[in-house]
Each structure stands twice: as structure tokens, then as C-alpha cells.
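File shown: query16.pdb. Contents: PDB, C-alpha atoms.
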```pdb
MODEL        1
ATOM      1  CA  MET A  30     -19.199  16.550 -20.307
ATOM      2  CA  LYS A  31     -19.904  15.406 -16.750
ATOM      3  CA  ASN A  32     -23.231  13.889 -17.817
ATOM      4  CA  PHE A  33     -21.560  12.003 -20.655
ATOM      5  CA  GLY A  34     -18.992  10.506 -18.258
ATOM      6  CA  LEU A  35     -21.771   9.428 -15.949
ATOM      7  CA  TRP A  36     -23.642   7.933 -18.899
ATOM      8  CA  LEU A  37     -20.551   5.960 -19.945
ATOM      9  CA  ARG A  38     -20.127   4.573 -16.423
ATOM     10  CA  GLY A  39     -23.763   3.519 -16.417
ATOM     11  CA  LEU A  40     -23.288   1.892 -19.804
ATOM     12  CA  ALA A  41     -20.280  -0.075 -18.561
ATOM     13  CA  ALA A  42     -22.141  -1.114 -15.413
ATOM     14  CA  ALA A  43     -25.099  -2.326 -17.472
ATOM     15  CA  ILE A  44     -22.893  -4.403 -19.752
ATOM     16  CA  ILE A  45     -20.826  -5.933 -16.943
ATOM     17  CA  GLY A  46     -23.846  -6.523 -14.735
ATOM     18  CA  GLY A  47     -25.787  -8.226 -17.498
ATOM     19  CA  ALA A  48     -22.862 -10.446 -18.422
ATOM     20  CA  VAL A  49     -22.181 -11.509 -14.846
ATOM     21  CA  ALA A  50     -25.838 -12.080 -13.983
ATOM     22  CA  SER A  51     -26.490 -14.186 -17.073
ATOM     23  CA  ALA A  52     -23.339 -16.264 -16.636
ATOM     24  CA  ALA A  53     -24.206 -16.845 -12.975
ATOM     25  CA  GLN A  54     -27.716 -17.904 -13.912
ATOM     26  CA  ALA A  55     -26.380 -20.348 -16.516
ATOM     27  CA  ALA A  56     -23.934 -21.775 -13.982
ATOM     28  CA  ALA A  57     -26.683 -22.165 -11.391
ATOM     29  CA  ALA A  58     -28.762 -24.031 -13.943
ATOM     30  CA  GLY A  59     -25.943 -26.554 -14.302
ATOM     31  CA  SER A  60     -24.430 -25.308 -17.542
ATOM     32  CA  ILE A  61     -20.770 -24.974 -16.557
ATOM     33  CA  GLN A  62     -19.265 -25.470 -19.996
ATOM     34  CA  PRO A  63     -17.123 -22.425 -20.908
ATOM     35  CA  ALA A  64     -18.844 -22.038 -24.279
ATOM     36  CA  ASN A  65     -22.282 -21.983 -22.641
ATOM     37  CA  LEU A  66     -21.173 -19.483 -20.006
ATOM     38  CA  LYS A  67     -19.633 -17.253 -22.681
ATOM     39  CA  THR A  68     -22.811 -17.361 -24.763
ATOM     40  CA  ALA A  69     -24.936 -16.543 -21.719
ATOM     41  CA  ALA A  70     -22.642 -13.665 -20.770
ATOM     42  CA  ILE A  71     -22.749 -12.166 -24.265
ATOM     43  CA  ALA A  72     -26.526 -12.516 -24.478
ATOM     44  CA  GLY A  73     -26.979 -10.912 -21.064
ATOM     45  CA  ALA A  74     -24.676  -8.043 -21.965
ATOM     46  CA  VAL A  75     -26.540  -7.380 -25.208
ATOM     47  CA  LEU A  76     -29.937  -7.480 -23.502
ATOM     48  CA  THR A  77     -28.948  -5.106 -20.705
ATOM     49  CA  LEU A  78     -27.180  -2.830 -23.177
ATOM     50  CA  SER A  79     -30.324  -2.542 -25.267
ATOM     51  CA  ALA A  80     -32.422  -1.902 -22.177
ATOM     52  CA  TYR A  81     -29.984   0.770 -20.997
ATOM     53  CA  LEU A  82     -29.941   2.492 -24.374
ATOM     54  CA  THR A  83     -33.737   2.433 -24.513
ATOM     55  CA  GLN A  84     -33.947   4.264 -21.188
ATOM     56  CA  SER A  85     -30.878   6.418 -21.769
ATOM     57  CA  PRO A  86     -31.314  10.090 -20.859
ATOM     58  CA  LEU A  87     -28.633  11.099 -23.360
ATOM     59  CA  GLY A  88     -30.916  11.029 -26.388
ATOM     60  CA  SER A  89     -33.581  13.212 -24.738
ATOM     61  CA  LYS A  90     -31.316  16.240 -24.263
TER      62      LYS A  90
ENDMDL
END
```

Starting from the file, give its structure as C-alpha cells.
Amino acid sequence: MKNFGLWLRGLAAAIIGGAVASAAQAAAAGSIQPANLKTAAIAGAVLTLSAYLTQSPLGSK
């Protein structure tokens, strides 16, 4: 159960980190419209989530 809790924290960190990084990159590029930032955040979260699940150790046990 401890490994699953750690996996969930990593999952949350990947989603939040991807969303923040993508929104920050969109803002730095000059796209400060809320809709554009939201789209960038969602896209970043999805991309980092898929990368995290691809490398997830949970499926290999």
C-alpha cells in the first residue's frame, strides 16, 4: 500500500507540474488570454500524465 501512495503522489506531481510548466511557457510566449493558458495547462497535464504512466513502476509488479 505504501508503494501505491507514493505512486499517487508522483502522479499528482506529474499532472500539476505539467500544467504549471505549460501555462508558464504559454504566458512567456505572450499568450496571456485565460482560454489559451487553460488549454496549455490541460495539454501539459495530459502529456506529462501519459509520460508518467508510460514509465510507471506500478504495472511492472

Quiz item: What is the atom CA of A:Ala48-atom CA of A:Ile71 distance in Å, reported with one decimal?
Solution: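 These atoms are spaced 6.1 Å apart.
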
Quiz item: Smallest atom-to-atom distance to A:Ser79: which of A:Ala64, A:Ala55, A:Ile44, A:Ala50, using all atoms listed in the file?
Solution: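 Checking each candidate against A:Ser79, we get A:Ile44 as the closest.
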
Quiz item: Counting all atoms listed in the file, what is within 9 Å of A:Leu66, bar same-chain residues fewer than 4 positions away, as a ChimeraX atom specification?
Solution: /A:51-53,55-56,60-62,70-71

Exercise. Give as a count of residues only the residues that the PyMOL selection byres ((chain A and resi 80-83) around 10) matches when applied to the coordinates above.
Key: 17

Would you give the centre and edge lengths, in Å to one decimal, of a box along x, y and z around the listed atoms of stretch 37-49 of chain A, with 5 Å added to each side, as AutoDock Vina command-line options?
```
--center_x -23.0 --center_y -2.8 --center_z -17.3 --size_x 15.7 --size_y 27.5 --size_z 15.2
```

Quiz item: What is the atom CA of A:Gly59 to atom CA of A:Ile45 distance in Å?
Solution: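 Separation between atom CA of A:Gly59 and atom CA of A:Ile45: 21.4 Å.
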
Exercise. Find the distance between atom CA of A:Gly73 and atom CA of A:Ala57 and write it in Å to one decimal.
Key: 14.8 Å
